[in-house]
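As provided, work_10.pdb (PDB, C-alpha atoms) reads as follows.
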MODEL        1
ATOM      1  CA  MET A1223       0.000   0.000   0.000
ATOM      2  CA  THR A1224       2.655   2.502   1.011
ATOM      3  CA  ALA A1225       4.811   1.781  -2.051
ATOM      4  CA  ILE A1226       1.921   2.639  -4.393
ATOM      5  CA  TRP A1227       1.654   6.147  -3.004
ATOM      6  CA  SER A1228       5.240   6.883  -2.110
ATOM      7  CA  ASP A1229       6.375   9.024  -5.050
ATOM      8  CA  ARG A1230       7.667  12.168  -3.383
ATOM      9  CA  GLY A1231       8.362  13.970  -6.639
ATOM     10  CA  ALA A1232       4.635  13.986  -7.434
ATOM     11  CA  TYR A1233       3.651  16.132  -4.443
ATOM     12  CA  ALA A1234       4.273  19.691  -3.320
ATOM     13  CA  ALA A1235       7.288  20.331  -1.136
ATOM     14  CA  GLY A1236       6.227  20.533   2.479
ATOM     15  CA  SER A1237       3.625  17.768   2.257
ATOM     16  CA  VAL A1238       3.736  15.115   4.978
ATOM     17  CA  LEU A1239       1.594  12.228   3.797
ATOM     18  CA  GLY A1240       3.277   9.362   5.667
ATOM     19  CA  VAL A1241       6.272   8.887   7.928
ATOM     20  CA  GLU A1242       8.173   7.266   5.053
ATOM     21  CA  ASP A1243       8.167  10.708   3.394
ATOM     22  CA  LEU A1244      10.551  11.933   6.081
ATOM     23  CA  SER A1245      14.222  11.014   6.261
ATOM     24  CA  VAL A1246      15.836  10.828   9.692
ATOM     25  CA  SER A1247      17.559  14.158   8.980
ATOM     26  CA  GLU A1248      14.178  15.738   8.149
ATOM     27  CA  VAL A1249      12.674  14.385  11.367
ATOM     28  CA  SER A1250      15.618  15.923  13.198
ATOM     29  CA  ALA A1251      15.089  19.257  11.417
ATOM     30  CA  ILE A1252      11.400  19.256  12.388
ATOM     31  CA  LEU A1253      12.268  18.636  16.038
ATOM     32  CA  GLY A1254      14.859  21.406  15.968
ATOM     33  CA  GLN A1255      12.441  23.876  14.416
ATOM     34  CA  THR A1256       9.736  22.829  16.864
ATOM     35  CA  ALA A1257      11.983  23.921  19.726
ATOM     36  CA  ARG A1258      12.978  27.182  18.034
ATOM     37  CA  LEU A1259       9.411  28.166  17.152
ATOM     38  CA  GLU A1260       8.273  27.275  20.657
ATOM     39  CA  HIS A1261      10.687  29.815  22.100
ATOM     40  CA  LEU A1262      10.071  32.635  19.626
ATOM     41  CA  ALA A1263       8.765  35.867  21.079
ATOM     42  CA  HIS A1264       5.073  36.337  20.331
ATOM     43  CA  GLY A1265       5.677  39.284  18.003
ATOM     44  CA  ASP A1266       8.114  37.278  15.896
ATOM     45  CA  ARG A1267       6.036  34.115  16.040
ATOM     46  CA  VAL A1268       2.900  35.656  14.548
ATOM     47  CA  GLN A1269       4.908  36.884  11.567
ATOM     48  CA  VAL A1270       6.054  33.417  10.496
ATOM     49  CA  LEU A1271       2.892  32.682   8.487
ATOM     50  CA  ALA A1272       1.270  36.117   8.598
ATOM     51  CA  GLY A1273      -1.261  36.452   5.794
ATOM     52  CA  ARG A1274      -1.053  32.794   4.736
ATOM     53  CA  LYS A1275      -4.239  30.728   4.338
ATOM     54  CA  ILE A1276      -4.608  27.177   5.666
ATOM     55  CA  ALA A1277      -7.649  24.926   5.227
ATOM     56  CA  LEU A1278      -8.547  22.269   7.782
ATOM     57  CA  LEU A1279     -10.515  19.604   5.911
ATOM     58  CA  PHE A1280     -11.923  17.036   8.353
ATOM     59  CA  TYR A1281     -14.133  14.158   7.235
ATOM     60  CA  GLU A1282     -13.904  12.516  10.687
ATOM     61  CA  SER A1283     -14.469  13.904  14.166
ATOM     62  CA  SER A1284     -11.408  15.136  16.019
ATOM     63  CA  THR A1285     -10.564  17.050  19.185
ATOM     64  CA  ARG A1286      -6.797  16.995  19.735
ATOM     65  CA  THR A1287      -5.583  16.918  16.126
ATOM     66  CA  ARG A1288      -7.964  19.481  14.641
ATOM     67  CA  THR A1289      -7.717  21.920  17.531
ATOM     68  CA  SER A1290      -3.933  21.729  17.741
ATOM     69  CA  PHE A1291      -3.494  22.302  14.003
ATOM     70  CA  GLU A1292      -5.871  25.269  14.174
ATOM     71  CA  LEU A1293      -4.202  26.823  17.228
ATOM     72  CA  ALA A1294      -0.760  26.158  15.739
ATOM     73  CA  ALA A1295      -1.671  27.950  12.497
ATOM     74  CA  LYS A1296      -3.161  30.928  14.316
ATOM     75  CA  SER A1297      -0.145  31.186  16.615
ATOM     76  CA  LEU A1298       1.980  31.713  13.493
ATOM     77  CA  GLY A1299      -0.325  34.426  12.153
ATOM     78  CA  ALA A1300      -2.096  32.322   9.518
ATOM     79  CA  THR A1301      -5.775  32.488   8.653
ATOM     80  CA  THR A1302      -7.618  29.170   8.970
ATOM     81  CA  THR A1303     -10.920  27.831   7.725
ATOM     82  CA  LEU A1304     -12.504  24.606   8.929
ATOM     83  CA  VAL A1305     -14.411  22.450   6.432
ATOM     84  CA  SER A1306     -16.158  19.340   7.726
ATOM     85  CA  ASP A1307     -18.237  16.699   5.992
ATOM     86  CA  LYS A1308     -21.268  17.745   8.053
ATOM     87  CA  SER A1309     -21.273  21.456   7.225
ATOM     88  CA  SER A1310     -20.296  21.703   3.570
ATOM     89  CA  SER A1311     -21.101  20.438   0.079
ATOM     90  CA  ILE A1312     -19.340  17.205   1.037
ATOM     91  CA  GLU A1313     -22.645  16.236   2.644
ATOM     92  CA  LYS A1314     -24.270  16.641  -0.791
ATOM     93  CA  GLY A1315     -21.849  14.220  -2.413
ATOM     94  CA  GLU A1316     -19.025  16.502  -3.574
ATOM     95  CA  SER A1317     -15.827  14.543  -4.242
ATOM     96  CA  LEU A1318     -12.607  15.026  -2.301
ATOM     97  CA  LYS A1319     -10.907  16.227  -5.491
ATOM     98  CA  ASP A1320     -13.521  18.895  -6.168
ATOM     99  CA  THR A1321     -13.551  20.031  -2.552
ATOM    100  CA  GLY A1322      -9.775  20.394  -2.691
ATOM    101  CA  LEU A1323      -9.873  22.308  -5.977
ATOM    102  CA  THR A1324     -12.515  24.623  -4.519
ATOM    103  CA  LEU A1325     -10.360  25.338  -1.474
ATOM    104  CA  ARG A1326      -7.383  26.050  -3.741
ATOM    105  CA  ALA A1327      -9.485  28.441  -5.855
ATOM    106  CA  LEU A1328     -10.524  30.241  -2.667
ATOM    107  CA  GLY A1329      -6.883  30.847  -1.802
ATOM    108  CA  ALA A1330      -5.930  27.970   0.489
ATOM    109  CA  GLU A1331      -2.157  27.460   0.355
ATOM    110  CA  CYS A1332      -2.000  24.294   2.482
ATOM    111  CA  ILE A1333      -4.605  21.669   3.411
ATOM    112  CA  VAL A1334      -4.653  19.630   6.613
ATOM    113  CA  LEU A1335      -6.733  16.535   5.854
ATOM    114  CA  ARG A1336      -8.354  13.862   8.001
ATOM    115  CA  HIS A1337     -10.273  11.266   6.027
ATOM    116  CA  ALA A1338     -11.837   7.857   6.614
ATOM    117  CA  SER A1339     -10.258   6.388   3.463
ATOM    118  CA  SER A1340      -6.658   5.227   3.404
ATOM    119  CA  GLY A1341      -4.763   7.065   0.683
ATOM    120  CA  ALA A1342      -7.002  10.151   0.595
ATOM    121  CA  PRO A1343      -4.145  12.608   1.384
ATOM    122  CA  TRP A1344      -2.145  11.292  -1.589
ATOM    123  CA  LEU A1345      -5.142  11.791  -3.900
ATOM    124  CA  LEU A1346      -5.710  15.332  -2.596
ATOM    125  CA  ALA A1347      -2.060  16.307  -2.894
ATOM    126  CA  ARG A1348      -1.876  15.042  -6.465
ATOM    127  CA  ALA A1349      -5.168  16.710  -7.471
ATOM    128  CA  THR A1350      -4.446  20.150  -5.991
ATOM    129  CA  GLY A1351      -0.659  20.495  -6.146
ATOM    130  CA  LEU A1352      -0.826  22.063  -2.668
ATOM    131  CA  PRO A1353       1.130  20.964   0.398
ATOM    132  CA  VAL A1354      -1.051  18.449   2.264
ATOM    133  CA  LEU A1355      -0.558  17.394   5.867
ATOM    134  CA  ASN A1356      -2.059  14.000   6.676
ATOM    135  CA  ALA A1357      -4.037  14.315   9.927
ATOM    136  CA  GLY A1358      -5.059  10.644   9.780
ATOM    137  CA  ASP A1359      -6.257   8.557   6.826
ATOM    138  CA  GLY A1360      -8.443   5.568   7.600
ATOM    139  CA  MET A1361      -6.491   2.775   9.265
ATOM    140  CA  HIS A1362      -3.329   3.748   7.410
ATOM    141  CA  GLN A1363      -1.205   6.518   8.957
ATOM    142  CA  HIS A1364      -1.089   9.504  11.327
ATOM    143  CA  PRO A1365       2.409  10.961  10.834
ATOM    144  CA  SER A1366       2.098  14.059  13.021
ATOM    145  CA  GLN A1367       0.992  11.844  15.927
ATOM    146  CA  ALA A1368       4.115   9.703  15.531
ATOM    147  CA  LEU A1369       6.271  12.851  15.573
ATOM    148  CA  LEU A1370       4.626  14.224  18.709
ATOM    149  CA  ASP A1371       4.878  10.807  20.389
ATOM    150  CA  LEU A1372       8.570  10.768  19.533
ATOM    151  CA  ARG A1373       9.099  14.225  21.025
ATOM    152  CA  THR A1374       7.246  13.171  24.187
ATOM    153  CA  MET A1375       9.518  10.133  24.568
ATOM    154  CA  LEU A1376      12.654  12.166  23.978
ATOM    155  CA  THR A1377      11.526  14.674  26.594
ATOM    156  CA  ARG A1378      10.573  12.140  29.260
ATOM    157  CA  LEU A1379      13.275   9.489  28.900
ATOM    158  CA  PRO A1380      16.548  10.364  30.636
ATOM    159  CA  GLY A1381      19.613  11.362  28.647
ATOM    160  CA  LEU A1382      17.854  11.969  25.314
ATOM    161  CA  ASP A1383      17.826  15.094  23.151
ATOM    162  CA  ALA A1384      14.369  16.372  22.161
ATOM    163  CA  THR A1385      15.772  18.830  19.604
ATOM    164  CA  SER A1386      17.443  16.380  17.224
ATOM    165  CA  VAL A1387      17.646  12.676  16.399
ATOM    166  CA  HIS A1388      19.806  10.212  14.503
ATOM    167  CA  GLU A1389      19.656   6.501  13.693
ATOM    168  CA  GLU A1390      20.778   5.496  17.210
ATOM    169  CA  SER A1391      18.785   8.007  19.298
ATOM    170  CA  LEU A1392      16.413   5.364  20.708
ATOM    171  CA  ARG A1393      18.881   2.487  20.852
ATOM    172  CA  GLY A1394      18.001   0.360  23.900
ATOM    173  CA  VAL A1395      14.455   1.745  24.181
ATOM    174  CA  THR A1396      11.545  -0.703  23.928
ATOM    175  CA  VAL A1397       8.138   0.779  23.157
ATOM    176  CA  VAL A1398       5.150  -1.477  23.851
ATOM    177  CA  ILE A1399       1.982  -0.567  21.933
ATOM    178  CA  THR A1400      -1.075  -2.381  23.263
ATOM    179  CA  GLY A1401      -4.702  -2.621  22.183
ATOM    180  CA  ASP A1402      -6.499  -2.358  18.876
ATOM    181  CA  ILE A1403      -3.409  -2.507  16.659
ATOM    182  CA  LEU A1404      -5.274  -3.746  13.581
ATOM    183  CA  HIS A1405      -7.311  -0.571  13.186
ATOM    184  CA  SER A1406      -4.732   1.897  14.516
ATOM    185  CA  ARG A1407      -3.062   4.387  12.177
ATOM    186  CA  VAL A1408      -1.170   5.644  15.243
ATOM    187  CA  ALA A1409       0.355   2.212  15.838
ATOM    188  CA  ARG A1410       1.299   1.894  12.188
ATOM    189  CA  SER A1411       3.045   5.271  11.990
ATOM    190  CA  ASN A1412       4.916   4.758  15.264
ATOM    191  CA  ALA A1413       5.974   1.249  14.236
ATOM    192  CA  MET A1414       7.306   2.651  10.961
ATOM    193  CA  LEU A1415       9.158   5.594  12.509
ATOM    194  CA  LEU A1416      10.615   4.466  15.843
ATOM    195  CA  PRO A1417      12.713   1.485  14.631
ATOM    196  CA  ARG A1418      14.473   3.836  12.181
ATOM    197  CA  LEU A1419      15.789   5.633  15.280
ATOM    198  CA  GLY A1420      16.960   2.438  16.974
ATOM    199  CA  ALA A1421      13.898   1.572  19.079
ATOM    200  CA  ARG A1422      12.358  -1.860  19.506
ATOM    201  CA  VAL A1423       8.566  -1.813  19.042
ATOM    202  CA  VAL A1424       6.525  -4.587  20.660
ATOM    203  CA  LEU A1425       2.904  -4.877  19.543
ATOM    204  CA  CYS A1426       0.603  -6.490  22.076
ATOM    205  CA  GLY A1427      -3.039  -7.530  21.900
ATOM    206  CA  PRO A1428      -5.446 -10.413  21.271
ATOM    207  CA  GLU A1429      -5.530 -12.149  17.881
ATOM    208  CA  PRO A1430      -8.683 -10.392  16.577
ATOM    209  CA  LEU A1431      -7.065  -6.975  17.152
ATOM    210  CA  LEU A1432      -3.539  -8.040  16.245
ATOM    211  CA  PRO A1433      -3.378 -10.757  13.565
ATOM    212  CA  GLU A1434      -0.097 -12.639  13.199
ATOM    213  CA  VAL A1435       0.471 -11.025   9.822
ATOM    214  CA  ALA A1436       0.440  -7.634  11.506
ATOM    215  CA  LEU A1437       0.452  -4.493   9.416
ATOM    216  CA  GLY A1438       3.159  -5.657   7.039
ATOM    217  CA  LEU A1439       5.833  -4.079   9.239
ATOM    218  CA  GLY A1440       9.489  -4.986   9.170
ATOM    219  CA  ALA A1441      12.663  -5.019  11.251
ATOM    220  CA  GLY A1442      12.523  -3.781  14.804
ATOM    221  CA  VAL A1443       8.857  -4.756  15.308
ATOM    222  CA  GLU A1444       7.540  -7.898  16.999
ATOM    223  CA  ILE A1445       4.330  -9.344  18.454
ATOM    224  CA  GLU A1446       3.906 -10.387  22.093
ATOM    225  CA  ARG A1447       0.552 -11.703  23.327
ATOM    226  CA  ASP A1448       1.438 -11.648  27.022
ATOM    227  CA  PHE A1449       0.987  -8.043  28.165
ATOM    228  CA  ASP A1450       2.795  -8.565  31.477
ATOM    229  CA  ALA A1451       5.810 -10.040  29.675
ATOM    230  CA  ALA A1452       5.822  -7.136  27.239
ATOM    231  CA  LEU A1453       5.626  -4.610  30.070
ATOM    232  CA  ARG A1454       8.665  -6.090  31.793
ATOM    233  CA  ARG A1455      10.744  -5.134  28.734
ATOM    234  CA  SER A1456       9.325  -1.643  28.276
ATOM    235  CA  GLN A1457      10.575   1.871  28.810
ATOM    236  CA  VAL A1458       7.505   3.317  27.081
ATOM    237  CA  VAL A1459       3.948   1.929  27.074
ATOM    238  CA  MET A1460       1.380   3.248  24.612
ATOM    239  CA  MET A1461      -2.227   2.212  25.179
ATOM    240  CA  LEU A1462      -4.821   2.275  22.395
ATOM    241  CA  ARG A1463      -8.593   2.254  22.649
ATOM    242  CA  ILE A1464     -10.739  -0.381  20.968
ATOM    243  CA  GLN A1465     -12.082   1.357  17.870
ATOM    244  CA  ARG A1466     -15.673   0.156  17.997
ATOM    245  CA  GLU A1467     -16.537   2.222  14.906
ATOM    246  CA  ARG A1468     -14.152   0.070  12.823
ATOM    247  CA  LEU A1469     -14.840  -3.385  14.244
ATOM    248  CA  ALA A1470     -17.409  -4.309  11.549
ATOM    249  CA  GLY A1471     -19.299  -6.849  13.642
ATOM    250  CA  LEU A1472     -16.305  -8.301  15.483
ATOM    251  CA  GLU A1473     -17.358  -9.299  18.992
ATOM    252  CA  LEU A1474     -14.912  -9.093  21.885
ATOM    253  CA  ASN A1475     -15.217 -10.325  25.435
ATOM    254  CA  LEU A1476     -14.570  -7.012  27.167
ATOM    255  CA  ALA A1477     -14.210  -8.575  30.638
ATOM    256  CA  ALA A1478     -11.471 -10.885  29.329
ATOM    257  CA  TYR A1479      -9.840  -8.016  27.459
ATOM    258  CA  ILE A1480      -9.716  -5.870  30.604
ATOM    259  CA  GLU A1481      -8.269  -8.753  32.614
ATOM    260  CA  GLN A1482      -5.514  -9.467  30.092
ATOM    261  CA  TYR A1483      -4.711  -6.092  28.535
ATOM    262  CA  GLN A1484      -5.844  -3.207  30.706
ATOM    263  CA  LEU A1485      -3.030  -1.067  32.089
ATOM    264  CA  ASN A1486      -3.910  -0.605  35.762
ATOM    265  CA  GLY A1487      -1.862   0.547  38.719
ATOM    266  CA  GLU A1488      -1.061  -2.936  40.021
ATOM    267  CA  ARG A1489       0.084  -4.201  36.617
ATOM    268  CA  LEU A1490       2.233  -1.123  35.977
ATOM    269  CA  ALA A1491       3.838  -1.180  39.433
ATOM    270  CA  GLY A1492       4.559  -4.898  39.219
ATOM    271  CA  ASN A1493       6.043  -4.977  35.727
ATOM    272  CA  ALA A1494       7.209  -1.521  34.602
ATOM    273  CA  PRO A1495       7.256   0.926  37.517
ATOM    274  CA  GLU A1496       9.468   3.432  35.645
ATOM    275  CA  ALA A1497       7.815   3.215  32.214
ATOM    276  CA  VAL A1498       6.438   6.319  30.519
ATOM    277  CA  VAL A1499       2.732   5.884  29.736
ATOM    278  CA  LEU A1500       1.284   7.321  26.521
ATOM    279  CA  HIS A1501      -2.169   7.358  24.940
ATOM    280  CA  PRO A1502      -3.053   9.153  21.679
ATOM    281  CA  GLY A1503      -6.691   9.607  22.706
ATOM    282  CA  PRO A1504      -9.572   9.488  22.858
ATOM    283  CA  MET A1505      -9.111   7.525  26.058
ATOM    284  CA  ILE A1506     -11.710   5.141  27.494
ATOM    285  CA  ARG A1507     -11.001   5.061  31.213
ATOM    286  CA  GLY A1508     -11.766   1.709  32.771
ATOM    287  CA  LEU A1509     -11.281  -0.191  29.517
ATOM    288  CA  GLU A1510      -7.762  -0.041  28.077
ATOM    289  CA  ILE A1511      -6.394   2.116  30.898
ATOM    290  CA  ALA A1512      -7.318   2.685  34.532
ATOM    291  CA  GLY A1513      -7.894   6.199  35.799
ATOM    292  CA  GLU A1514      -5.129   5.989  38.401
ATOM    293  CA  VAL A1515      -2.600   5.281  35.644
ATOM    294  CA  ALA A1516      -3.920   7.959  33.279
ATOM    295  CA  ASP A1517      -3.601  10.523  36.070
ATOM    296  CA  GLY A1518      -0.505   9.057  37.722
ATOM    297  CA  PRO A1519       3.155  10.129  37.719
ATOM    298  CA  ASN A1520       4.110   7.802  34.849
ATOM    299  CA  SER A1521       1.544   9.375  32.543
ATOM    300  CA  ALA A1522       2.705  11.728  29.782
ATOM    301  CA  ILE A1523      -0.716  11.893  28.134
ATOM    302  CA  GLU A1524      -1.283  15.616  28.645
ATOM    303  CA  GLU A1525       2.310  16.248  27.594
ATOM    304  CA  GLN A1526       1.542  14.480  24.308
ATOM    305  CA  VAL A1527      -1.193  17.030  23.659
ATOM    306  CA  ARG A1528       1.155  19.947  24.352
ATOM    307  CA  HIS A1529       3.864  18.444  22.140
ATOM    308  CA  GLY A1530       1.222  17.961  19.447
ATOM    309  CA  LEU A1531       0.597  21.695  19.325
ATOM    310  CA  ALA A1532       4.328  22.413  19.158
ATOM    311  CA  VAL A1533       5.138  19.809  16.482
ATOM    312  CA  ARG A1534       2.203  20.813  14.295
ATOM    313  CA  THR A1535       3.385  24.412  14.430
ATOM    314  CA  ALA A1536       6.674  23.290  12.879
ATOM    315  CA  LEU A1537       4.910  21.136  10.287
ATOM    316  CA  LEU A1538       2.773  24.067   9.159
ATOM    317  CA  ALA A1539       5.806  26.347   8.911
ATOM    318  CA  ARG A1540       7.580  23.645   6.925
ATOM    319  CA  SER A1541       4.598  23.157   4.614
ATOM    320  CA  LEU A1542       4.811  26.778   3.489
ATOM    321  CA  GLY A1543       8.600  27.075   3.494
ATOM    322  CA  ARG A1544       8.867  29.327   6.529
ATOM    323  CA  GLY A1545      10.200  29.296  10.069
ATOM    324  CA  GLY A1546      13.722  28.362   9.015
ATOM    325  CA  PHE A1547      12.682  25.554   6.657
ATOM    326  CA  GLU A1548      13.396  27.550   3.509
ATOM    327  CA  SER A1549      16.723  25.760   3.091
ATOM    328  CA  VAL A1550      15.541  22.253   4.105
ATOM    329  CA  THR A1551      15.533  19.850   1.180
ATOM    330  CA  VAL A1552      12.249  17.969   0.852
TER     331      VAL A1552
ENDMDL
END
Show this structure as structure tokens.
Amino acid sequence: MTAIWSDRGAYAAGSVLGVEDLSVSEVSAILGQTARLEHLAHGDRVQVLAGRKIALLFYESSTRTRTSFELAAKSLGATTTLVSDKSSSIEKGESLKDTGLTLRALGAECIVLRHASSGAPWLLARATGLPVLNAGDGMHQHPSQALLDLRTMLTRLPGLDATSVHEESLRGVTVVITGDILHSRVARSNAMLLPRLGARVVLCGPEPLLPEVALGLGAGVEIERDFDAALRRSQVVMMLRIQRERLAGLELNLAAYIEQYQLNGERLAGNAPEAVVLHPGPMIRGLEIAGEVADGPNSAIEEQVRHGLAVRTALLARSLGRGGFESVTV
């Protein structure tokens, strides 16, 4: 699937459609610019994208991703417009291509897209010629989430640099991702990015949510069914919700799932008392994660949200060739 769409020359510079679009040096540049933009004085910050126009095109509901992209754009001085499938001609059957062309004709210079269909950002980028930032496409990818998760790890784990990375930055770090892996674009993007920086990614969950032929991922990724065994190896634990909207009739025994795969205080203390706990949201307390863990000292869940705002600021500046990215090769 990825190989079909991965033709970087066909898309506008500044697009981020999947994590494979970014070299390790580009990931490092984004982290560096995230830190620099974060510390800019307000007067300088609002000039970075002053007068530029960014469209937020969301075909699926979103809280964290949509709001952080919008606040990030406005913090740089850009004008934003939100287009959703429930308040536009999309509801009348307008195609993604025509919606994109309309936004371009109205002056949009960059489009942030969330869509239920895998591959939609590639189609939009090719049709419009504009920089497109993938804010989640179906069960395929969520590249900005992987970048913000990376920055959260680099900030919380001792001895790591959150402003730059290289191929060995996460050497010795094991990241356990647990839950509905099959339907998770977050799991896919993290499992594609983190091993390129030296991490070991362990995917954990029951067979229906994590088939043996998992996601077509390669080196540095493995499956472990025993959550307690996986936890004992972990420095980072990422919990995922069960995506009921994508289960298509699949029935799960929730009581058994909670017993085997819920991250609660006793399980964390007994197996990984120092591990950093992540969750991309939305979080279902009492199902995949217990409230005492979500609110406890190991949790970096709110930090993820803050890093999301910071990272998306850099991605928007990059998409329009500003904020120090003018000389970055893409």
Any chance you could tabulate, as a tab-separated table, the residues of range 1447-1552 of chain A at most 10 Å from range 1346-1364 of chain A with each one's nearest atom pair and distance in Å to one decimal, using all atoms listed in the file, in chain and rising number order?
residue	atom	partner	partner_atom	distance
A:Arg1468	CA	A:Met1361	CA	8.9
A:Arg1534	CA	A:Leu1355	CA	9.5
A:Leu1537	CA	A:Leu1355	CA	8.0
A:Leu1538	CA	A:Leu1355	CA	8.2
A:Arg1540	CA	A:Pro1353	CA	9.6
A:Ser1541	CA	A:Pro1353	CA	5.9
A:Leu1542	CA	A:Pro1353	CA	7.5
query = Exactly which residues make up the result of the PyMOL selection byres ((chain A and resi 1506) around 12) on this file, given as a PyMOL selection string?
reply = chain A and resi 1401+1461-1466+1480+1484-1485+1501-1505+1507-1513+1516
Find the nearest atom pair between each residue of range 1365-1474 of chain A and range 1288-1309 of chain A for residues within 12 Å, count only C-alpha atoms, give distances in Å to one decimal, sort rows by chain and ascending number, and present the table as JSON lines.
{"residue": "A:Ser1366", "atom": "CA", "partner": "A:Phe1291", "partner_atom": "CA", "distance": 10.0}
{"residue": "A:Gln1367", "atom": "CA", "partner": "A:Ser1290", "partner_atom": "CA", "distance": 11.2}
{"residue": "A:Leu1370", "atom": "CA", "partner": "A:Ser1290", "partner_atom": "CA", "distance": 11.4}
Write out, as an mmCIF file, in the coordinates of the input, the residues just selected, with C-alpha atoms.
data_model
loop_
_atom_site.group_PDB
_atom_site.id
_atom_site.type_symbol
_atom_site.label_atom_id
_atom_site.label_comp_id
_atom_site.auth_asym_id
_atom_site.auth_seq_id
_atom_site.Cartn_x
_atom_site.Cartn_y
_atom_site.Cartn_z
ATOM 1 C CA SER A 1366 2.098 14.059 13.021
ATOM 2 C CA GLN A 1367 0.992 11.844 15.927
ATOM 3 C CA LEU A 1370 4.626 14.224 18.709
#
task = For the file shown, report as a PyMOL selection string the outcome of the PyMOL selection byres ((chain A and resi 1324) around 12) at residue level.
result = chain A and resi 1277+1279+1305+1310-1312+1316-1323+1325-1331+1333+1346+1349-1350
ask   = Mind telling me what the PyMOL selection byres ((chain A and resi 1420) around 7) catches here, as a VMD selection string?
value = chain A and resid 1389 to 1393 1416 to 1419 1421 to 1422
Only C-alpha atoms, as a PDB file, in the first residue's frame: that is what I want for range 1464-1517 of chain A.
ATOM      1  CA  ILE A1464     -10.739  -0.381  20.968  1.00  0.00           C
ATOM      2  CA  GLN A1465     -12.082   1.357  17.870  1.00  0.00           C
ATOM      3  CA  ARG A1466     -15.673   0.156  17.997  1.00  0.00           C
ATOM      4  CA  GLU A1467     -16.537   2.222  14.906  1.00  0.00           C
ATOM      5  CA  ARG A1468     -14.152   0.070  12.823  1.00  0.00           C
ATOM      6  CA  LEU A1469     -14.840  -3.385  14.244  1.00  0.00           C
ATOM      7  CA  ALA A1470     -17.409  -4.309  11.549  1.00  0.00           C
ATOM      8  CA  GLY A1471     -19.299  -6.849  13.642  1.00  0.00           C
ATOM      9  CA  LEU A1472     -16.305  -8.301  15.483  1.00  0.00           C
ATOM     10  CA  GLU A1473     -17.358  -9.299  18.992  1.00  0.00           C
ATOM     11  CA  LEU A1474     -14.912  -9.093  21.885  1.00  0.00           C
ATOM     12  CA  ASN A1475     -15.217 -10.325  25.435  1.00  0.00           C
ATOM     13  CA  LEU A1476     -14.570  -7.012  27.167  1.00  0.00           C
ATOM     14  CA  ALA A1477     -14.210  -8.575  30.638  1.00  0.00           C
ATOM     15  CA  ALA A1478     -11.471 -10.885  29.329  1.00  0.00           C
ATOM     16  CA  TYR A1479      -9.840  -8.016  27.459  1.00  0.00           C
ATOM     17  CA  ILE A1480      -9.716  -5.870  30.604  1.00  0.00           C
ATOM     18  CA  GLU A1481      -8.269  -8.753  32.614  1.00  0.00           C
ATOM     19  CA  GLN A1482      -5.514  -9.467  30.092  1.00  0.00           C
ATOM     20  CA  TYR A1483      -4.711  -6.092  28.535  1.00  0.00           C
ATOM     21  CA  GLN A1484      -5.844  -3.207  30.706  1.00  0.00           C
ATOM     22  CA  LEU A1485      -3.030  -1.067  32.089  1.00  0.00           C
ATOM     23  CA  ASN A1486      -3.910  -0.605  35.762  1.00  0.00           C
ATOM     24  CA  GLY A1487      -1.862   0.547  38.719  1.00  0.00           C
ATOM     25  CA  GLU A1488      -1.061  -2.936  40.021  1.00  0.00           C
ATOM     26  CA  ARG A1489       0.084  -4.201  36.617  1.00  0.00           C
ATOM     27  CA  LEU A1490       2.233  -1.123  35.977  1.00  0.00           C
ATOM     28  CA  ALA A1491       3.838  -1.180  39.433  1.00  0.00           C
ATOM     29  CA  GLY A1492       4.559  -4.898  39.219  1.00  0.00           C
ATOM     30  CA  ASN A1493       6.043  -4.977  35.727  1.00  0.00           C
ATOM     31  CA  ALA A1494       7.209  -1.521  34.602  1.00  0.00           C
ATOM     32  CA  PRO A1495       7.256   0.926  37.517  1.00  0.00           C
ATOM     33  CA  GLU A1496       9.468   3.432  35.645  1.00  0.00           C
ATOM     34  CA  ALA A1497       7.815   3.215  32.214  1.00  0.00           C
ATOM     35  CA  VAL A1498       6.438   6.319  30.519  1.00  0.00           C
ATOM     36  CA  VAL A1499       2.732   5.884  29.736  1.00  0.00           C
ATOM     37  CA  LEU A1500       1.284   7.321  26.521  1.00  0.00           C
ATOM     38  CA  HIS A1501      -2.169   7.358  24.940  1.00  0.00           C
ATOM     39  CA  PRO A1502      -3.053   9.153  21.679  1.00  0.00           C
ATOM     40  CA  GLY A1503      -6.691   9.607  22.706  1.00  0.00           C
ATOM     41  CA  PRO A1504      -9.572   9.488  22.858  1.00  0.00           C
ATOM     42  CA  MET A1505      -9.111   7.525  26.058  1.00  0.00           C
ATOM     43  CA  ILE A1506     -11.710   5.141  27.494  1.00  0.00           C
ATOM     44  CA  ARG A1507     -11.001   5.061  31.213  1.00  0.00           C
ATOM     45  CA  GLY A1508     -11.766   1.709  32.771  1.00  0.00           C
ATOM     46  CA  LEU A1509     -11.281  -0.191  29.517  1.00  0.00           C
ATOM     47  CA  GLU A1510      -7.762  -0.041  28.077  1.00  0.00           C
ATOM     48  CA  ILE A1511      -6.394   2.116  30.898  1.00  0.00           C
ATOM     49  CA  ALA A1512      -7.318   2.685  34.532  1.00  0.00           C
ATOM     50  CA  GLY A1513      -7.894   6.199  35.799  1.00  0.00           C
ATOM     51  CA  GLU A1514      -5.129   5.989  38.401  1.00  0.00           C
ATOM     52  CA  VAL A1515      -2.600   5.281  35.644  1.00  0.00           C
ATOM     53  CA  ALA A1516      -3.920   7.959  33.279  1.00  0.00           C
ATOM     54  CA  ASP A1517      -3.601  10.523  36.070  1.00  0.00           C
TER      55      ASP A1517
END
